[in-house]
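Peer 1: Quick one, input_8.cif (mmCIF, C-alpha atoms):
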data_entry
loop_
_atom_site.label_atom_id
_atom_site.label_comp_id
_atom_site.auth_asym_id
_atom_site.auth_seq_id
_atom_site.Cartn_x
_atom_site.Cartn_y
_atom_site.Cartn_z
CA MET N 291 -76.16 -25.98 -23.35
CA ASN N 292 -76.93 -25.69 -27.08
CA GLU N 293 -74.90 -27.37 -29.81
CA GLN N 294 -72.98 -24.21 -30.72
CA GLU N 295 -71.93 -23.60 -27.09
CA ASN N 296 -70.89 -27.23 -26.79
CA ILE N 297 -68.61 -26.91 -29.85
CA VAL N 298 -67.07 -23.68 -28.51
CA GLU N 299 -66.33 -25.37 -25.18
CA LEU N 300 -64.74 -28.39 -26.89
CA LEU N 301 -62.54 -26.20 -29.08
CA GLU N 302 -61.48 -24.13 -26.07
CA GLU N 303 -60.62 -27.39 -24.33
CA GLY N 304 -58.53 -28.38 -27.37
CA ILE N 305 -56.60 -25.09 -27.21
CA SER N 306 -56.17 -25.57 -23.45
CA MET N 307 -54.93 -29.17 -23.84
CA GLU N 308 -52.29 -28.14 -26.38
CA GLU N 309 -51.13 -24.92 -24.72
CA ILE N 310 -51.30 -25.82 -21.04
CA PRO N 311 -50.22 -29.35 -20.10
CA THR N 312 -48.64 -30.35 -23.42
CA LEU N 313 -46.42 -27.36 -24.22
CA THR N 314 -45.61 -26.61 -20.55
CA ASN N 315 -44.51 -30.16 -19.83
CA LEU N 316 -42.38 -30.27 -23.01
CA LYS N 317 -40.75 -26.96 -22.06
CA LYS N 318 -39.92 -28.37 -18.60
CA MET N 319 -38.29 -31.41 -20.18
CA LYS N 320 -36.29 -29.20 -22.53
CA GLU N 321 -35.13 -26.98 -19.65
CA ILE N 322 -33.85 -30.02 -17.74
CA LEU N 323 -32.03 -31.42 -20.79
CA HIS N 324 -30.38 -28.08 -21.54
CA SER N 325 -28.90 -27.92 -18.05
CA THR N 326 -27.79 -31.51 -17.68
CA SER N 327 -24.48 -33.25 -18.19
CA MET N 328 -26.11 -36.09 -20.16
CA ASP N 329 -24.35 -37.82 -23.06
CA GLU N 330 -24.68 -35.44 -26.05
CA ASP N 331 -25.87 -38.08 -28.50
CA VAL N 332 -28.75 -39.23 -26.24
CA LYS N 333 -29.57 -35.61 -25.40
CA ARG N 334 -29.77 -34.76 -29.11
CA LYS N 335 -32.12 -37.69 -29.77
CA LEU N 336 -34.40 -36.69 -26.88
CA LEU N 337 -34.45 -33.01 -27.91
CA LYS N 338 -35.33 -33.97 -31.49
CA LYS N 339 -38.37 -35.91 -30.25
CA ILE N 340 -39.44 -33.07 -27.94
CA ARG N 341 -39.17 -30.54 -30.79
CA LYS N 342 -41.32 -32.71 -33.07
CA ILE N 343 -44.13 -32.86 -30.46
CA GLN N 344 -43.75 -29.12 -29.71
CA SER N 345 -44.03 -28.21 -33.36
CA ASP N 346 -47.14 -30.41 -33.83
CA SER N 347 -48.75 -29.01 -30.66
CA ILE N 348 -48.25 -25.41 -31.82
CA LYS N 349 -49.84 -26.41 -35.15
CA HIS N 350 -52.77 -28.10 -33.33
CA SER N 351 -53.35 -25.04 -31.15
CA SER N 352 -53.46 -22.87 -34.28
CA ILE N 353 -55.98 -25.25 -35.95
CA PHE N 354 -58.26 -25.23 -32.87
CA ASN N 355 -58.00 -21.43 -32.68
CA LYS N 356 -58.96 -21.07 -36.36
CA MET N 357 -61.91 -23.46 -35.95
CA LEU N 358 -63.05 -21.51 -32.87
CA GLY N 359 -62.87 -18.28 -34.88
CA GLU N 360 -65.00 -19.84 -37.65
CA VAL N 361 -67.62 -21.14 -35.20
CA GLU N 362 -67.86 -17.78 -33.42
CA LYS N 363 -68.15 -15.94 -36.74
CA ASP N 364 -71.18 -18.10 -37.58
CA GLU N 365 -72.89 -17.29 -34.26
CA MET S 175 -35.73 -37.71 -6.29
CA SER S 176 -32.72 -37.87 -8.64
CA ASP S 177 -32.57 -35.64 -11.72
CA ILE S 178 -33.10 -38.56 -14.09
CA GLU S 179 -36.12 -39.75 -12.09
CA GLU S 180 -37.58 -36.24 -12.24
CA PHE S 181 -37.05 -36.16 -16.00
CA LYS S 182 -38.57 -39.63 -16.37
CA LYS S 183 -41.65 -38.51 -14.44
CA LEU S 184 -42.14 -35.64 -16.90
CA VAL S 185 -41.84 -38.05 -19.84
CA GLU S 186 -44.39 -40.39 -18.22
CA ARG S 187 -46.69 -37.40 -17.67
CA GLN S 188 -46.28 -36.50 -21.35
CA GLN S 189 -47.40 -40.00 -22.27
CA ARG S 190 -50.55 -39.61 -20.14
CA ILE S 191 -51.26 -36.19 -21.71
CA GLU S 192 -50.91 -37.57 -25.26
CA LYS S 193 -53.17 -40.55 -24.48
CA GLU S 194 -55.75 -38.26 -22.88
CA SER S 195 -55.66 -36.01 -25.98
CA VAL S 196 -56.48 -39.02 -28.22
CA GLU S 197 -59.42 -39.98 -25.98
CA ARG S 198 -60.79 -36.45 -25.64
CA TYR S 199 -60.44 -35.50 -29.33
CA ASP S 200 -62.17 -38.76 -30.31
CA GLU S 201 -65.25 -37.40 -28.53
CA TYR S 202 -65.21 -34.22 -30.65
CA SER S 203 -66.11 -36.02 -33.88
CA LYS S 204 -69.63 -36.60 -32.50
CA VAL S 205 -70.50 -32.90 -32.62
CA LEU S 206 -68.29 -31.32 -35.29
CA ASP S 207 -69.17 -30.87 -38.96
CA GLU S 208 -67.44 -32.92 -41.67
CA ASP S 209 -64.68 -30.41 -42.43
CA MET S 210 -63.76 -29.95 -38.76
CA GLN S 211 -63.97 -33.71 -38.15
CA LYS S 212 -61.30 -34.24 -40.81
CA LYS S 213 -58.99 -31.69 -39.17
CA VAL S 214 -59.49 -33.28 -35.75
CA LYS S 215 -58.85 -36.76 -37.18
CA ASP S 216 -55.48 -35.53 -38.49
CA ILE S 217 -54.70 -34.15 -35.04
CA ILE S 218 -55.64 -37.50 -33.45
CA GLU S 219 -53.23 -39.28 -35.83
CA ASP S 220 -50.47 -36.87 -34.71
CA GLU S 221 -51.32 -37.55 -31.06
CA LYS S 222 -51.10 -41.32 -31.64
CA GLU S 223 -47.67 -40.75 -33.20
CA HIS S 224 -46.71 -38.69 -30.13
CA VAL S 225 -47.61 -41.63 -27.86
CA GLU S 226 -45.11 -43.72 -29.88
CA ILE S 227 -42.47 -40.95 -29.78
CA VAL S 228 -42.79 -40.60 -26.01
CA GLY S 229 -42.56 -44.40 -25.69
CA GLY S 230 -39.25 -44.17 -27.57
CA MET S 231 -38.07 -41.46 -25.16
CA LEU S 232 -38.84 -43.69 -22.19
CA GLU S 233 -36.84 -46.53 -23.78
CA LEU S 234 -33.88 -44.18 -24.34
CA ILE S 235 -33.95 -43.12 -20.69
CA GLU S 236 -34.35 -46.63 -19.35
CA ASP S 237 -31.37 -47.85 -21.42
CA TYR S 238 -29.23 -44.87 -20.45
CA GLU S 239 -26.48 -45.59 -17.95
CA GLY S 240 -24.34 -42.44 -18.22
CA SER S 241 -24.33 -39.43 -15.98
CA PHE S 242 -27.35 -37.16 -15.67
CA GLU S 243 -26.64 -34.25 -13.37
CA ARG S 244 -28.25 -30.87 -13.47
CA GLU S 245 -26.99 -27.51 -12.31
CA ASN S 246 -29.52 -26.27 -9.81
CA GLY S 247 -31.21 -23.20 -11.29
CA GLN S 248 -32.52 -20.69 -8.79
CA LYS S 249 -36.18 -19.78 -9.26
CA LYS S 250 -36.78 -16.05 -9.63
CA LEU S 251 -38.64 -14.56 -6.68
CA PHE S 252 -40.18 -11.12 -6.99
CA SER S 253 -39.81 -8.42 -4.38
CA GLU S 254 -41.76 -5.15 -4.00
CA GLU S 255 -39.05 -3.34 -6.02
CA ASP S 256 -39.72 -5.61 -9.01
CA ILE S 257 -43.44 -4.86 -9.18
CA TYR S 258 -44.89 -1.98 -11.20
CA SER S 259 -48.50 -0.99 -11.90
CA ALA S 260 -48.43 -1.87 -15.59
CA MET S 261 -46.26 -4.80 -16.59
CA ILE S 262 -45.98 -6.98 -19.70
CA LEU S 263 -44.57 -10.44 -20.22
CA VAL S 264 -43.71 -11.20 -23.85
CA SER S 265 -43.11 -14.82 -24.72
CA ASP S 266 -43.61 -17.34 -27.53
CA LEU S 267 -46.38 -19.92 -27.77
CA GLU S 268 -44.00 -22.73 -26.83
CA SER S 269 -42.99 -21.08 -23.53
CA TYR S 270 -45.63 -18.61 -22.40
CA MET S 271 -47.60 -20.93 -20.11
CA TYR S 272 -44.38 -22.15 -18.51
CA ASP S 273 -43.38 -18.49 -18.01
CA ILE S 274 -46.77 -17.67 -16.45
CA LEU S 275 -46.36 -20.50 -13.94
CA GLU S 276 -42.82 -19.32 -13.13
CA PHE S 277 -44.12 -15.80 -12.61
CA ILE S 278 -46.99 -16.91 -10.35
CA GLU S 279 -44.59 -19.00 -8.26
CA GLY S 280 -42.29 -15.99 -7.95
CA ILE S 281 -44.96 -13.56 -6.81
CA ASN S 282 -47.46 -15.76 -4.98
CA ASP S 283 -46.01 -15.09 -1.52
CA ILE S 284 -46.56 -11.34 -1.74
CA ARG S 285 -49.67 -10.96 -3.95
CA ASP S 286 -53.11 -12.51 -4.51
CA ILE S 287 -53.26 -13.55 -8.15
CA LYS S 288 -56.43 -12.79 -10.13
CA TYR S 289 -56.02 -14.80 -13.32
CA LEU S 290 -58.03 -13.65 -16.33
CA SER S 291 -58.30 -16.48 -18.85
CA TYR S 292 -59.54 -15.28 -22.23
CA ASN S 293 -59.91 -18.46 -24.29
CA LYS S 294 -58.60 -21.30 -22.17
CA ILE S 295 -60.65 -23.23 -19.66
CA PRO S 296 -59.73 -22.58 -16.00
CA SER S 297 -60.04 -26.26 -15.02
CA ARG S 298 -56.97 -27.07 -17.15
CA ILE S 299 -54.99 -24.19 -15.66
CA LYS S 300 -55.97 -25.28 -12.13
CA GLN S 301 -54.89 -28.84 -12.93
CA GLU S 302 -51.54 -27.56 -14.19
CA LEU S 303 -51.05 -25.48 -11.04
CA ASP S 304 -51.69 -28.56 -8.88
CA GLU S 305 -49.62 -30.99 -10.92
CA SER S 306 -46.63 -29.02 -12.02
CA SER S 307 -46.13 -25.90 -9.96
CA GLY S 308 -45.24 -25.23 -6.37
CA ILE S 309 -48.56 -23.53 -5.64
CA SER S 310 -52.12 -24.64 -5.19
CA ARG S 311 -55.17 -23.83 -7.33
CA GLU S 312 -56.70 -22.32 -4.17
CA ASP S 313 -54.09 -19.54 -4.26
CA VAL S 314 -55.40 -18.21 -7.56
CA THR S 315 -58.77 -16.58 -8.31
CA PHE S 316 -60.06 -16.89 -11.86
CA LEU S 317 -61.81 -14.31 -14.02
CA ASN S 318 -63.18 -16.52 -16.74
CA CYS S 319 -63.95 -15.39 -20.29
CA SER S 320 -64.06 -18.95 -21.66
CA SER S 321 -67.33 -20.83 -22.03
CA GLU S 322 -66.56 -23.24 -19.15
CA GLY S 323 -68.79 -23.01 -16.08
CA ASP S 324 -71.59 -20.57 -15.28
CA GLU S 325 -70.00 -17.33 -14.13
CA ASN S 326 -68.38 -16.09 -17.32
CA ILE S 327 -67.31 -12.67 -18.48
CA ASP S 328 -68.41 -11.95 -22.05
CA PRO S 329 -65.23 -12.02 -24.19
CA ASP S 330 -66.98 -9.86 -26.81
CA SER S 331 -67.31 -6.99 -24.34
CA LEU S 332 -64.13 -5.09 -23.46
CA THR S 333 -66.30 -3.00 -21.12
CA ASP S 334 -67.33 -6.10 -19.13
CA ILE S 335 -63.72 -7.32 -18.96
CA SER S 336 -62.56 -3.89 -17.86
CA LEU S 337 -65.21 -3.78 -15.12
CA ALA S 338 -64.21 -7.24 -13.87
CA ILE S 339 -60.54 -6.20 -13.70
CA LYS S 340 -61.36 -2.92 -11.94
CA GLU S 341 -63.50 -4.83 -9.44
CA SER S 342 -60.55 -7.16 -8.76
CA PHE S 343 -58.43 -4.10 -7.96
CA GLU S 344 -60.63 -3.63 -4.87
CA ASP S 345 -58.68 -6.39 -3.09
CA GLU S 346 -55.71 -4.90 -1.30
CA LYS S 347 -53.10 -7.42 -2.48
CA ALA S 348 -54.65 -8.14 -5.87
CA PHE S 349 -52.40 -8.70 -8.85
CA VAL S 350 -54.28 -9.16 -12.13
CA LEU S 351 -52.69 -11.41 -14.75
CA VAL S 352 -54.25 -11.35 -18.24
CA ASP S 353 -53.70 -14.52 -20.32
CA ASN S 354 -53.29 -13.44 -23.00
CA ILE S 355 -53.79 -10.09 -24.65
CA THR S 356 -52.84 -11.23 -28.18
CA THR S 357 -55.79 -13.67 -28.27
CA PHE S 358 -58.10 -10.65 -27.87
CA THR S 359 -57.39 -10.05 -31.59
CA SER S 360 -59.77 -12.92 -32.42
CA LYS S 361 -62.68 -10.67 -31.41
CA HIS S 362 -61.41 -7.09 -31.24
CA PRO S 363 -59.53 -4.71 -33.56
CA GLU S 364 -55.98 -3.86 -32.53
CA GLU S 365 -56.83 -0.20 -31.94
CA SER S 366 -59.52 -1.14 -29.39
CA ILE S 367 -57.08 -3.47 -27.63
CA VAL S 368 -54.46 -0.72 -27.38
CA ASN S 369 -57.04 1.72 -25.93
CA PHE S 370 -58.30 -0.95 -23.51
CA VAL S 371 -54.79 -1.70 -22.20
CA SER S 372 -53.90 1.99 -21.99
CA SER S 373 -57.04 2.81 -20.01
CA LEU S 374 -56.59 -0.07 -17.54
CA ASN S 375 -52.92 0.77 -17.07
CA ASP S 376 -53.91 4.36 -16.18
CA ASN S 377 -56.54 3.05 -13.76
CA ALA S 378 -54.00 0.72 -12.11
CA ARG S 379 -51.47 3.56 -11.75
CA GLU S 380 -54.06 5.97 -10.29
CA ARG S 381 -55.20 3.41 -7.73
CA ASP S 382 -51.72 2.01 -7.02
CA LYS S 383 -52.76 -1.42 -8.32
CA GLU S 384 -51.00 -3.90 -10.59
CA VAL S 385 -51.70 -5.70 -13.83
CA LEU S 386 -49.58 -8.03 -15.97
CA TRP S 387 -50.42 -8.41 -19.66
CA VAL S 388 -49.15 -11.65 -21.15
CA ALA S 389 -48.43 -11.32 -24.88
CA VAL S 390 -47.52 -14.11 -27.26
CA GLU S 391 -45.14 -12.77 -29.86
CA SER S 392 -45.46 -13.75 -33.51
CA ASP S 393 -44.82 -12.04 -36.85
CA GLU S 394 -48.55 -11.37 -37.13
CA TYR S 395 -48.77 -9.41 -33.86
CA LYS S 396 -45.30 -7.90 -33.69
CA GLU S 397 -46.57 -4.33 -34.20
CA LEU S 398 -49.35 -4.73 -31.62
CA VAL S 399 -46.96 -6.21 -29.04
CA ASN S 400 -44.49 -3.34 -29.60
CA LYS S 401 -47.28 -0.81 -28.99
CA LEU S 402 -48.37 -2.61 -25.80
CA VAL S 403 -44.80 -2.73 -24.48
CA GLN S 404 -44.61 1.06 -24.91
CA LEU S 405 -47.75 1.44 -22.77
CA CYS S 406 -46.33 -0.51 -19.81
CA ASP S 407 -43.92 0.49 -17.05
CA LYS S 408 -41.92 -2.71 -17.18
CA LYS S 409 -41.29 -5.64 -19.51
CA ILE S 410 -40.67 -8.83 -17.54
CA GLU S 411 -37.76 -11.04 -18.51
CA LEU S 412 -37.76 -14.57 -17.10
#
Any chance you could put this one into structure tokens?
Peer 2:
Amino acid sequence: MNEQENIVELLEEGISMEEIPTLTNLKKMKEILHSTSMDEDVKRKLLKKIRKIQSDSIKHSSIFNKMLGEVEKDE
Amino acid sequence: MSDIEEFKKLVERQQRIEKESVERYDEYSKVLDEDMQKKVKDIIEDEKEHVEIVGGMLELIEDYEGSFERENGQKKLFSEEDIYSAMILVSDLESYMYDILEFIEGINDIRDIKYLSYNKIPSRIKQELDESSGISREDVTFLNCSSEGDENIDPDSLTDISLAIKESFEDEKAFVLVDNITTFTSKHPEESIVNFVSSLNDNARERDKEVLWVAVESDEYKELVNKLVQLCDKKIEL
């Protein structure tokens, strides 16, 4: 595998890491919290933390996608 | 397993994912140029912060002594009446992979899924199937346009992708899922994507086969997604 292909594979892995396990697991947590009878104050604190990670992960996925686009444009 | 234990397991899994991200992204700096290295370093700092945040979530759960009961949601199962030749699932980036897994779980008993991955590596999708869905990686066949592995479909060639999908239609119970059509915009003009979807939808209808286009909605692709919805027989709501 040449250097360019190696970079493409790493960036695709980055997109996959952010969009597959990270965002899916966070969504599952959110779904459980939305349908639970948990104390509202604790629920709010947990949801705030989940939203922060979700928002960062969406940003990370976008950064990896842009970098992938740049690398492929140079090919 | 109680509901709170199930939730705690997801939080613990999140902690493992965040730690793995730090380790993997650290490796990237060895091959990326200076500008990209800086971007990845910023991402690593975020991931380290996430490890702390998830640690705080675990503390909150461990200290929590109140009630934690969940209404049992029924998973949607698909029947023959729900399946059309040309279908589209529109979701947002935050939820689309979760929706795909829900869909596969709902249809897996009656169809053989052929999963076309455009820019994500199949090994991660397989891992997710094993770890967080009710089905096994063995139940899904991958058509891979990413750079992982040896047998790849060229993502630059809509003709090659179309041929691979049409070949998959040969299997009697095949159901082709395309993840995701909006990422095709990184390499193809919108007009070509619309023609590609339209042509494959016609092929699926003629041969009594089925395809699901997954589309991630955003302001940027709103017009494209609207056009694609018009070309399909059914928009899936999960």
Peer 1: For Leu275 (chain S), please output as number ranges by chain all residues within 10 Å (counting only C-alpha atoms; exclusion window: fewer than 2 positions along the same chain).
Peer 2: N: 314; S: 270-273, 277-280, 299, 302-303, 306-309
Peer 1: Rank nothing, just name the residue among S:Glu179, S:Glu322, S:Glu186, S:Glu219 nearest to Asn296 (chain N), using all atoms listed in the file.
Peer 2: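 Closest residue, counting all atoms listed in the file: S:Glu322.
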Peer 1: Could you please tell me, as an MDAnalysis selection string, which residues of chain S have an atom within 8 Å of chain N when using only C-alpha atoms?
Peer 2: chainID S and resid 181 184:185 187:188 191:192 195 199 202 205:206 210 213 217 220 224 227:228 231 234 240:245 267:269 271:272 293:295 298:299 302 320:322 360
Peer 1: Write the residues you've just listed into a file as a PDB file, in the coordinates of the input, and include C-alpha atoms for each of them.
Peer 2:
ATOM      1  CA  PHE S 181     -37.050 -36.160 -16.000  1.00  0.00           C
ATOM      2  CA  LEU S 184     -42.140 -35.640 -16.900  1.00  0.00           C
ATOM      3  CA  VAL S 185     -41.840 -38.050 -19.840  1.00  0.00           C
ATOM      4  CA  ARG S 187     -46.690 -37.400 -17.670  1.00  0.00           C
ATOM      5  CA  GLN S 188     -46.280 -36.500 -21.350  1.00  0.00           C
ATOM      6  CA  ILE S 191     -51.260 -36.190 -21.710  1.00  0.00           C
ATOM      7  CA  GLU S 192     -50.910 -37.570 -25.260  1.00  0.00           C
ATOM      8  CA  SER S 195     -55.660 -36.010 -25.980  1.00  0.00           C
ATOM      9  CA  TYR S 199     -60.440 -35.500 -29.330  1.00  0.00           C
ATOM     10  CA  TYR S 202     -65.210 -34.220 -30.650  1.00  0.00           C
ATOM     11  CA  VAL S 205     -70.500 -32.900 -32.620  1.00  0.00           C
ATOM     12  CA  LEU S 206     -68.290 -31.320 -35.290  1.00  0.00           C
ATOM     13  CA  MET S 210     -63.760 -29.950 -38.760  1.00  0.00           C
ATOM     14  CA  LYS S 213     -58.990 -31.690 -39.170  1.00  0.00           C
ATOM     15  CA  ILE S 217     -54.700 -34.150 -35.040  1.00  0.00           C
ATOM     16  CA  ASP S 220     -50.470 -36.870 -34.710  1.00  0.00           C
ATOM     17  CA  HIS S 224     -46.710 -38.690 -30.130  1.00  0.00           C
ATOM     18  CA  ILE S 227     -42.470 -40.950 -29.780  1.00  0.00           C
ATOM     19  CA  VAL S 228     -42.790 -40.600 -26.010  1.00  0.00           C
ATOM     20  CA  MET S 231     -38.070 -41.460 -25.160  1.00  0.00           C
ATOM     21  CA  LEU S 234     -33.880 -44.180 -24.340  1.00  0.00           C
ATOM     22  CA  GLY S 240     -24.340 -42.440 -18.220  1.00  0.00           C
ATOM     23  CA  SER S 241     -24.330 -39.430 -15.980  1.00  0.00           C
ATOM     24  CA  PHE S 242     -27.350 -37.160 -15.670  1.00  0.00           C
ATOM     25  CA  GLU S 243     -26.640 -34.250 -13.370  1.00  0.00           C
ATOM     26  CA  ARG S 244     -28.250 -30.870 -13.470  1.00  0.00           C
ATOM     27  CA  GLU S 245     -26.990 -27.510 -12.310  1.00  0.00           C
ATOM     28  CA  LEU S 267     -46.380 -19.920 -27.770  1.00  0.00           C
ATOM     29  CA  GLU S 268     -44.000 -22.730 -26.830  1.00  0.00           C
ATOM     30  CA  SER S 269     -42.990 -21.080 -23.530  1.00  0.00           C
ATOM     31  CA  MET S 271     -47.600 -20.930 -20.110  1.00  0.00           C
ATOM     32  CA  TYR S 272     -44.380 -22.150 -18.510  1.00  0.00           C
ATOM     33  CA  ASN S 293     -59.910 -18.460 -24.290  1.00  0.00           C
ATOM     34  CA  LYS S 294     -58.600 -21.300 -22.170  1.00  0.00           C
ATOM     35  CA  ILE S 295     -60.650 -23.230 -19.660  1.00  0.00           C
ATOM     36  CA  ARG S 298     -56.970 -27.070 -17.150  1.00  0.00           C
ATOM     37  CA  ILE S 299     -54.990 -24.190 -15.660  1.00  0.00           C
ATOM     38  CA  GLU S 302     -51.540 -27.560 -14.190  1.00  0.00           C
ATOM     39  CA  SER S 320     -64.060 -18.950 -21.660  1.00  0.00           C
ATOM     40  CA  SER S 321     -67.330 -20.830 -22.030  1.00  0.00           C
ATOM     41  CA  GLU S 322     -66.560 -23.240 -19.150  1.00  0.00           C
ATOM     42  CA  SER S 360     -59.770 -12.920 -32.420  1.00  0.00           C
TER      43      SER S 360
END
Peer 1: Can you tell me how far CA of Ile281 (chain S) sits from CA of Leu337 (chain S), in Å to one decimal?
Peer 2: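 Straight-line distance from CA of Ile281 (chain S) to CA of Leu337 (chain S) works out to 24.0 Å.
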Peer 1: Could you list the residues chosen by the PyMOL selection byres ((chain S and resi 359) around 12) in this structure as a PDB file with C-alpha atoms, keeping the file's coordinate frame?
Peer 2:
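What follows is the written file result-v9.pdb:
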ATOM      1  CA  ASN N 355     -58.000 -21.430 -32.680  1.00  0.00           C
ATOM      2  CA  GLY N 359     -62.870 -18.280 -34.880  1.00  0.00           C
TER       3      GLY N 359
ATOM      4  CA  TYR S 292     -59.540 -15.280 -22.230  1.00  0.00           C
ATOM      5  CA  ASN S 293     -59.910 -18.460 -24.290  1.00  0.00           C
ATOM      6  CA  PRO S 329     -65.230 -12.020 -24.190  1.00  0.00           C
ATOM      7  CA  ASP S 330     -66.980  -9.860 -26.810  1.00  0.00           C
ATOM      8  CA  LEU S 332     -64.130  -5.090 -23.460  1.00  0.00           C
ATOM      9  CA  ASN S 354     -53.290 -13.440 -23.000  1.00  0.00           C
ATOM     10  CA  ILE S 355     -53.790 -10.090 -24.650  1.00  0.00           C
ATOM     11  CA  THR S 356     -52.840 -11.230 -28.180  1.00  0.00           C
ATOM     12  CA  THR S 357     -55.790 -13.670 -28.270  1.00  0.00           C
ATOM     13  CA  PHE S 358     -58.100 -10.650 -27.870  1.00  0.00           C
ATOM     14  CA  SER S 360     -59.770 -12.920 -32.420  1.00  0.00           C
ATOM     15  CA  LYS S 361     -62.680 -10.670 -31.410  1.00  0.00           C
ATOM     16  CA  HIS S 362     -61.410  -7.090 -31.240  1.00  0.00           C
ATOM     17  CA  PRO S 363     -59.530  -4.710 -33.560  1.00  0.00           C
ATOM     18  CA  GLU S 364     -55.980  -3.860 -32.530  1.00  0.00           C
ATOM     19  CA  GLU S 365     -56.830  -0.200 -31.940  1.00  0.00           C
ATOM     20  CA  SER S 366     -59.520  -1.140 -29.390  1.00  0.00           C
ATOM     21  CA  ILE S 367     -57.080  -3.470 -27.630  1.00  0.00           C
ATOM     22  CA  VAL S 368     -54.460  -0.720 -27.380  1.00  0.00           C
ATOM     23  CA  ALA S 389     -48.430 -11.320 -24.880  1.00  0.00           C
ATOM     24  CA  VAL S 390     -47.520 -14.110 -27.260  1.00  0.00           C
ATOM     25  CA  GLU S 394     -48.550 -11.370 -37.130  1.00  0.00           C
ATOM     26  CA  TYR S 395     -48.770  -9.410 -33.860  1.00  0.00           C
ATOM     27  CA  LEU S 398     -49.350  -4.730 -31.620  1.00  0.00           C
ATOM     28  CA  VAL S 399     -46.960  -6.210 -29.040  1.00  0.00           C
TER      29      VAL S 399
END
Peer 1: Give me, please, the distance in Å between CA of Asp200 (chain S) and CA of Val361 (chain N), quoted to one decimal.
Peer 2: 19.1 Å
Peer 1: I want to know what sits within 8 Å of Asp407 (chain S), based on only C-alpha atoms, with residues of the same chain fewer than 3 positions away left out; could you give that as a list in words?
Peer 2: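 Residues near the query, excluding close chain neighbours: Tyr258, Ser259, Ala260, Met261 and Gln404 of chain S.
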Peer 1: CA of Asp328 (chain S) to CA of Glu197 (chain S): how many Å, to one decimal?
Peer 2: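 Between CA of Asp328 (chain S) and CA of Glu197 (chain S) the gap is 29.7 Å.
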Peer 1: Compare S:Phe343, S:Phe252, S:Phe370, S:Tyr238 by their minimum atom-to-atom distance to Ile178 (chain S), counting only C-alpha atoms, and give me the closest one.
Peer 2: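 Of S:Phe343, S:Phe252, S:Phe370, S:Tyr238, the one nearest Ile178 (chain S) is S:Tyr238, counting only C-alpha atoms.
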Peer 1: Build an axis-aligned box that encloses every atom of region 328-333 of chain S listed in the file, pad it by 8 Å on each side, and report its centre and edge lengths in Å to one decimal, as AutoDock Vina command-line options.
Peer 2:
--center_x -66.3 --center_y -7.5 --center_z -24.0 --size_x 20.3 --size_y 25.0 --size_z 21.7
